[in-house]
Each structure stands twice: as structure tokens, then as C-alpha cells.
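Note sheet for the following structure.
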Amino acid sequence: MIGYAMCGSFCTLERCMDELELLCLSGYDVLPVMSEICYSTDTRFGRAADRVRRAEELCQNTVIHTVFDAEPIGPKALLDVLVIAPCTGNTLAKLAAGVTDSAVTMAAKAHLRNHRPLVIALATNDALSANLKNIGKLLEKKNVYFVPFSQDDPVKKPDSMIADFSLIADTLELALKGRQIQPILK
């Protein structure tokens, strides 16, 4: 089973939901996870209830959205791989520091305890500034893999980077074999 966790990079959520749909259509059994913010916040990019409903219809599973509900992922060894798409800079920093205060960070911690792959599809405005050290820390961690990423607007947002979400499936397939997709920087 694949875990598919989503964080509050609201401008990228639609693309990540499209990739979730492709995984489900490809026959994967998917358990959806959402950060509390993603699960409950309406924005100009969409309503939370619509996002939750779409994820649950695609996956045929209830969205995990609390720390309490995410904790059993580890002890029950529920997942073969966990994808975080989009992974915000906030979540990236928490993962690098070992903080588990959201459904997504708890899912990641619980999953990694089983020495299984965690795939990160980042979307952060501070990848080349405050979060650069956290990317480096996570690149060094065993069982952590990155979806290839690049600057999304080097002129207007020179520190911002975003994953190529279309490579999520390819990245997770290689991660299941213990390999990082290359090149990691596009």
C-alpha cells in the first residue's frame, strides 16, 4: 500500500491530486493523509471539503488527518512507501529536525521506523535559503528519496523550488528498489 500525504502548499495541491489520481488509476492501493491545515483550510485554490472528498473517492479510503490516526502506520507496518506531495518548507524542516506535530510528520516518523522509503515532492519558497540545510539533512538520511526538483521562477522567486510532480510514480518505483531517481536537480 502507498501512503500519499499532502501539506498546505495550496497552489500545488491540484497538480498533486492529479498525480494521486494517476496512481489510483494505475491500480495502486493508496491511503490518503492530509496535514490538519490541508484538511481544513479553504483558500482561493479550492475548498478543503472538496479536496477531502476527491481524495477519499479516488483512494476508497478515509483521509488520515490527525496525529492520533497517523501513529498506527508504524506499528501496523501499513505502508510499503509514503509519498509527501506537496511537501512544504515547514514540513521539510520538521522532518529534518524530527518534529512530529502533524498527521503528515507523524505518518512519516511512524513509517520510517520500519525502514521503508519516504518520497518527498517538495514545494517551498525558501528551498535555496532557510530550507537548504534541511534538504541537505534529508538527502543524507537513509530511506528518504526526493522527486526531482528545480527553481520554479528564478527571477521573481529566486529561492523557490518545486518538484516535478509528474515524476512521483517513477520516483516511488525506484525508491521501492532502494534507489534515488536521477538527476535529482532538473
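Identifiers for the C-alpha cells are assigned positionally: chains receive A, B, ... in sequence, residues are indexed from 1 per chain, and ligands are indexed from 1 in the order shown.
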Could you name the residues that touch Val99 of chain A at 12 Å or less, counting only C-alpha atoms, but leaving out those on the same chain fewer than 4 positions away, as a PyMOL selection string?
chain A and resi 67+90-95+103-110
For the residues in the current selection, export N, CA and C atoms as a PDB file, in the first residue's frame.
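Contents of the output file result09.pdb:
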```pdb
ATOM      1  N   VAL A  67      -2.764  13.426  14.250  1.00  0.00           N
ATOM      2  CA  VAL A  67      -1.581  12.722  14.754  1.00  0.00           C
ATOM      3  C   VAL A  67      -2.001  11.362  15.307  1.00  0.00           C
ATOM      4  N   ASN A  90       7.819  24.066   5.678  1.00  0.00           N
ATOM      5  CA  ASN A  90       7.539  23.845   7.088  1.00  0.00           C
ATOM      6  C   ASN A  90       7.645  22.364   7.436  1.00  0.00           C
ATOM      7  N   THR A  91       7.010  21.524   6.639  1.00  0.00           N
ATOM      8  CA  THR A  91       7.067  20.083   6.879  1.00  0.00           C
ATOM      9  C   THR A  91       8.471  19.555   6.651  1.00  0.00           C
ATOM     10  N   LEU A  92       9.147  20.053   5.632  1.00  0.00           N
ATOM     11  CA  LEU A  92      10.529  19.660   5.356  1.00  0.00           C
ATOM     12  C   LEU A  92      11.422  19.931   6.568  1.00  0.00           C
ATOM     13  N   ALA A  93      11.280  21.105   7.162  1.00  0.00           N
ATOM     14  CA  ALA A  93      12.073  21.472   8.335  1.00  0.00           C
ATOM     15  C   ALA A  93      11.757  20.561   9.519  1.00  0.00           C
ATOM     16  N   LYS A  94      10.485  20.251   9.696  1.00  0.00           N
ATOM     17  CA  LYS A  94      10.090  19.370  10.794  1.00  0.00           C
ATOM     18  C   LYS A  94      10.649  17.965  10.595  1.00  0.00           C
ATOM     19  N   LEU A  95      10.606  17.470   9.372  1.00  0.00           N
ATOM     20  CA  LEU A  95      11.167  16.140   9.099  1.00  0.00           C
ATOM     21  C   LEU A  95      12.663  16.113   9.383  1.00  0.00           C
ATOM     22  N   ALA A 103      -0.324  15.318  11.304  1.00  0.00           N
ATOM     23  CA  ALA A 103      -0.629  13.993  10.761  1.00  0.00           C
ATOM     24  C   ALA A 103       0.451  13.547   9.778  1.00  0.00           C
ATOM     25  N   VAL A 104       0.956  14.479   8.972  1.00  0.00           N
ATOM     26  CA  VAL A 104       1.959  14.130   7.961  1.00  0.00           C
ATOM     27  C   VAL A 104       3.296  13.789   8.605  1.00  0.00           C
ATOM     28  N   THR A 105       3.749  14.598   9.549  1.00  0.00           N
ATOM     29  CA  THR A 105       5.040  14.297  10.177  1.00  0.00           C
ATOM     30  C   THR A 105       4.957  13.029  11.018  1.00  0.00           C
ATOM     31  N   MET A 106       3.830  12.772  11.648  1.00  0.00           N
ATOM     32  CA  MET A 106       3.674  11.524  12.396  1.00  0.00           C
ATOM     33  C   MET A 106       3.641  10.337  11.439  1.00  0.00           C
ATOM     34  N   ALA A 107       2.946  10.479  10.326  1.00  0.00           N
ATOM     35  CA  ALA A 107       2.920   9.392   9.343  1.00  0.00           C
ATOM     36  C   ALA A 107       4.336   9.078   8.868  1.00  0.00           C
ATOM     37  N   ALA A 108       5.122  10.125   8.597  1.00  0.00           N
ATOM     38  CA  ALA A 108       6.499   9.927   8.132  1.00  0.00           C
ATOM     39  C   ALA A 108       7.354   9.256   9.201  1.00  0.00           C
ATOM     40  N   LYS A 109       7.277   9.746  10.426  1.00  0.00           N
ATOM     41  CA  LYS A 109       8.057   9.156  11.520  1.00  0.00           C
ATOM     42  C   LYS A 109       7.663   7.700  11.728  1.00  0.00           C
ATOM     43  N   ALA A 110       6.363   7.442  11.790  1.00  0.00           N
ATOM     44  CA  ALA A 110       5.872   6.089  12.026  1.00  0.00           C
ATOM     45  C   ALA A 110       6.295   5.153  10.898  1.00  0.00           C
TER      46      ALA A 110
END
```
Test item: residues at most 7 Å from segment 152-160 of chain A, only C-alpha atoms, excluding those fewer than 5 positions along its chain, as a list in words
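My list of contacting residues is Thr124, Asn125, Asp126, Ala127, Leu128 and Ser129 of chain A.
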Export, as an mmCIF file, in the first residue's frame, the selected residues with N, CA and C atoms.
```
data_model
loop_
_atom_site.group_PDB
_atom_site.id
_atom_site.type_symbol
_atom_site.label_atom_id
_atom_site.label_comp_id
_atom_site.auth_asym_id
_atom_site.auth_seq_id
_atom_site.Cartn_x
_atom_site.Cartn_y
_atom_site.Cartn_z
ATOM 1 N N THR A 124 8.480 24.635 -1.983
ATOM 2 C CA THR A 124 8.773 25.610 -0.939
ATOM 3 C C THR A 124 9.423 26.861 -1.504
ATOM 4 N N ASN A 125 9.013 27.998 -0.987
ATOM 5 C CA ASN A 125 9.560 29.276 -1.422
ATOM 6 C C ASN A 125 10.939 29.568 -0.834
ATOM 7 N N ASP A 126 11.391 28.753 0.123
ATOM 8 C CA ASP A 126 12.687 29.035 0.742
ATOM 9 C C ASP A 126 13.680 27.868 0.625
ATOM 10 N N ALA A 127 13.562 27.107 -0.445
ATOM 11 C CA ALA A 127 14.450 25.945 -0.654
ATOM 12 C C ALA A 127 15.912 26.351 -0.760
ATOM 13 N N LEU A 128 16.174 27.488 -1.355
ATOM 14 C CA LEU A 128 17.563 27.929 -1.542
ATOM 15 C C LEU A 128 17.986 28.965 -0.504
ATOM 16 N N SER A 129 17.216 29.048 0.565
ATOM 17 C CA SER A 129 17.596 29.927 1.682
ATOM 18 C C SER A 129 17.416 29.134 2.975
#
```
- Query: From the set A:Asn114, A:Thr171, A:Asn131, A:Gln182, which residue has the shortest atom-to-atom contact distance to Leu79 of chain A, counting only C-alpha atoms?
  - Reply: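 The answer is A:Asn114, which sits nearest to Leu79 of chain A.
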Shell around segment 51-65 of chain A at 12 Å using only C-alpha atoms, local window under 4 positions removed, as an MDAnalysis selection string: chainID A and resid 1:8 10 13:43 45:47 69:73 101:107
Dump C-alpha atoms for the selected residues as a compact mmCIF listing (two decimals), in the first residue's frame?
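And here is the file that came out, again-v4.txt:
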```txt
# COMPACT_ATOMS: atom_id res chain seq x y z
CA MET A 1 0.00 0.00 0.00
CA ILE A 2 1.12 3.53 -0.78
CA GLY A 3 0.64 6.38 1.67
CA TYR A 4 0.03 9.71 -0.07
CA ALA A 5 0.38 12.68 2.26
CA MET A 6 -0.48 16.25 1.33
CA CYS A 7 0.56 19.50 3.00
CA GLY A 8 -0.66 23.07 2.61
CA PHE A 10 -2.24 25.21 -1.76
CA LEU A 13 -2.41 20.79 -4.46
CA GLU A 14 -4.39 20.38 -7.67
CA ARG A 15 -1.33 19.02 -9.51
CA CYS A 16 -0.59 16.68 -6.61
CA MET A 17 -4.19 15.48 -6.58
CA ASP A 18 -3.91 14.75 -10.31
CA GLU A 19 -0.84 12.58 -9.60
CA LEU A 20 -2.76 10.83 -6.81
CA GLU A 21 -5.49 10.08 -9.32
CA LEU A 22 -2.96 8.59 -11.75
CA LEU A 23 -1.56 6.34 -9.01
CA CYS A 24 -5.05 5.13 -8.15
CA LEU A 25 -5.92 4.55 -11.82
CA SER A 26 -2.69 2.56 -12.17
CA GLY A 27 -4.04 0.11 -9.63
CA TYR A 28 -2.15 1.15 -6.51
CA ASP A 29 -3.91 0.80 -3.17
CA VAL A 30 -3.49 4.26 -1.63
CA LEU A 31 -4.02 5.54 1.91
CA PRO A 32 -4.51 9.34 1.87
CA VAL A 33 -3.05 11.53 4.62
CA MET A 34 -3.50 15.29 4.95
CA SER A 35 -1.97 17.81 7.28
CA GLU A 36 -4.53 19.42 9.52
CA ILE A 37 -4.16 22.66 7.55
CA CYS A 38 -4.66 20.93 4.19
CA TYR A 39 -7.65 19.01 5.56
CA SER A 40 -9.48 22.04 6.96
CA THR A 41 -8.46 25.22 5.13
CA ASP A 42 -10.39 26.81 2.27
CA THR A 43 -8.32 29.07 0.01
CA PHE A 45 -7.18 27.49 -4.75
CA GLY A 46 -10.11 25.40 -3.53
CA ARG A 47 -12.32 24.23 -0.71
CA ASP A 69 -4.83 8.43 13.48
CA ALA A 70 -1.40 8.56 11.78
CA GLU A 71 0.52 6.89 14.63
CA PRO A 72 -0.59 3.27 13.86
CA ILE A 73 1.05 3.49 10.41
CA ASP A 101 3.31 17.57 15.44
CA SER A 102 1.04 16.94 12.45
CA ALA A 103 -0.63 13.99 10.76
CA VAL A 104 1.96 14.13 7.96
CA THR A 105 5.04 14.30 10.18
CA MET A 106 3.67 11.52 12.40
CA ALA A 107 2.92 9.39 9.34
```
Quick check for you: according to DSSP on this backbone, which residues of segment 16-130 of chain A are classed as helix (DSSP H, G or I)? Reply as a JSON list (two decimals) with C-alpha atoms, in the first residue's frame.
```
[["chain", "number", "residue", "atom", "x", "y", "z"],
["A", 16, "CYS", "CA", -0.59, 16.68, -6.61],
["A", 17, "MET", "CA", -4.19, 15.48, -6.58],
["A", 18, "ASP", "CA", -3.91, 14.75, -10.31],
["A", 19, "GLU", "CA", -0.84, 12.58, -9.60],
["A", 20, "LEU", "CA", -2.76, 10.83, -6.81],
["A", 21, "GLU", "CA", -5.49, 10.08, -9.32],
["A", 22, "LEU", "CA", -2.96, 8.59, -11.75],
["A", 23, "LEU", "CA", -1.56, 6.34, -9.01],
["A", 24, "CYS", "CA", -5.05, 5.13, -8.15],
["A", 25, "LEU", "CA", -5.92, 4.55, -11.82],
["A", 36, "GLU", "CA", -4.53, 19.42, 9.52],
["A", 37, "ILE", "CA", -4.16, 22.66, 7.55],
["A", 38, "CYS", "CA", -4.66, 20.93, 4.19],
["A", 39, "TYR", "CA", -7.65, 19.01, 5.56],
["A", 40, "SER", "CA", -9.48, 22.04, 6.96],
["A", 48, "ALA", "CA", -10.99, 21.78, 1.86],
["A", 49, "ALA", "CA", -14.16, 19.66, 1.78],
["A", 50, "ASP", "CA", -13.84, 19.21, -1.98],
["A", 51, "ARG", "CA", -10.19, 18.18, -1.63],
["A", 52, "VAL", "CA", -11.00, 15.65, 1.09],
["A", 53, "ARG", "CA", -13.95, 14.23, -0.84],
["A", 54, "ARG", "CA", -11.87, 13.83, -4.01],
["A", 55, "ALA", "CA", -9.03, 12.07, -2.16],
["A", 56, "GLU", "CA", -11.43, 9.70, -0.42],
["A", 57, "GLU", "CA", -13.28, 8.88, -3.64],
["A", 58, "LEU", "CA", -10.04, 8.23, -5.53],
["A", 59, "CYS", "CA", -8.43, 6.13, -2.81],
["A", 67, "VAL", "CA", -1.58, 12.72, 14.75],
["A", 68, "PHE", "CA", -3.57, 10.11, 16.66],
["A", 69, "ASP", "CA", -4.83, 8.43, 13.48],
["A", 70, "ALA", "CA", -1.40, 8.56, 11.78],
["A", 71, "GLU", "CA", 0.52, 6.89, 14.63],
["A", 72, "PRO", "CA", -0.59, 3.27, 13.86],
["A", 73, "ILE", "CA", 1.05, 3.49, 10.41],
["A", 89, "GLY", "CA", 9.16, 24.01, 3.66],
["A", 90, "ASN", "CA", 7.54, 23.84, 7.09],
["A", 91, "THR", "CA", 7.07, 20.08, 6.88],
["A", 92, "LEU", "CA", 10.53, 19.66, 5.36],
["A", 93, "ALA", "CA", 12.07, 21.47, 8.34],
["A", 94, "LYS", "CA", 10.09, 19.37, 10.79],
["A", 95, "LEU", "CA", 11.17, 16.14, 9.10],
["A", 96, "ALA", "CA", 14.81, 17.23, 9.20],
["A", 97, "ALA", "CA", 14.52, 18.10, 12.89],
["A", 103, "ALA", "CA", -0.63, 13.99, 10.76],
["A", 104, "VAL", "CA", 1.96, 14.13, 7.96],
["A", 105, "THR", "CA", 5.04, 14.30, 10.18],
["A", 106, "MET", "CA", 3.67, 11.52, 12.40],
["A", 107, "ALA", "CA", 2.92, 9.39, 9.34],
["A", 108, "ALA", "CA", 6.50, 9.93, 8.13],
["A", 109, "LYS", "CA", 8.06, 9.16, 11.52],
["A", 110, "ALA", "CA", 5.87, 6.09, 12.03],
["A", 111, "HIS", "CA", 6.61, 4.85, 8.50],
["A", 112, "LEU", "CA", 10.38, 5.42, 8.65]]
```
Could you tell me how far atom CA of Leu185 of chain A lies from atom CA of Lys141 of chain A, in Å and to one decimal?
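For atom CA of Leu185 of chain A relative to atom CA of Lys141 of chain A, the distance reads 17.6 Å.
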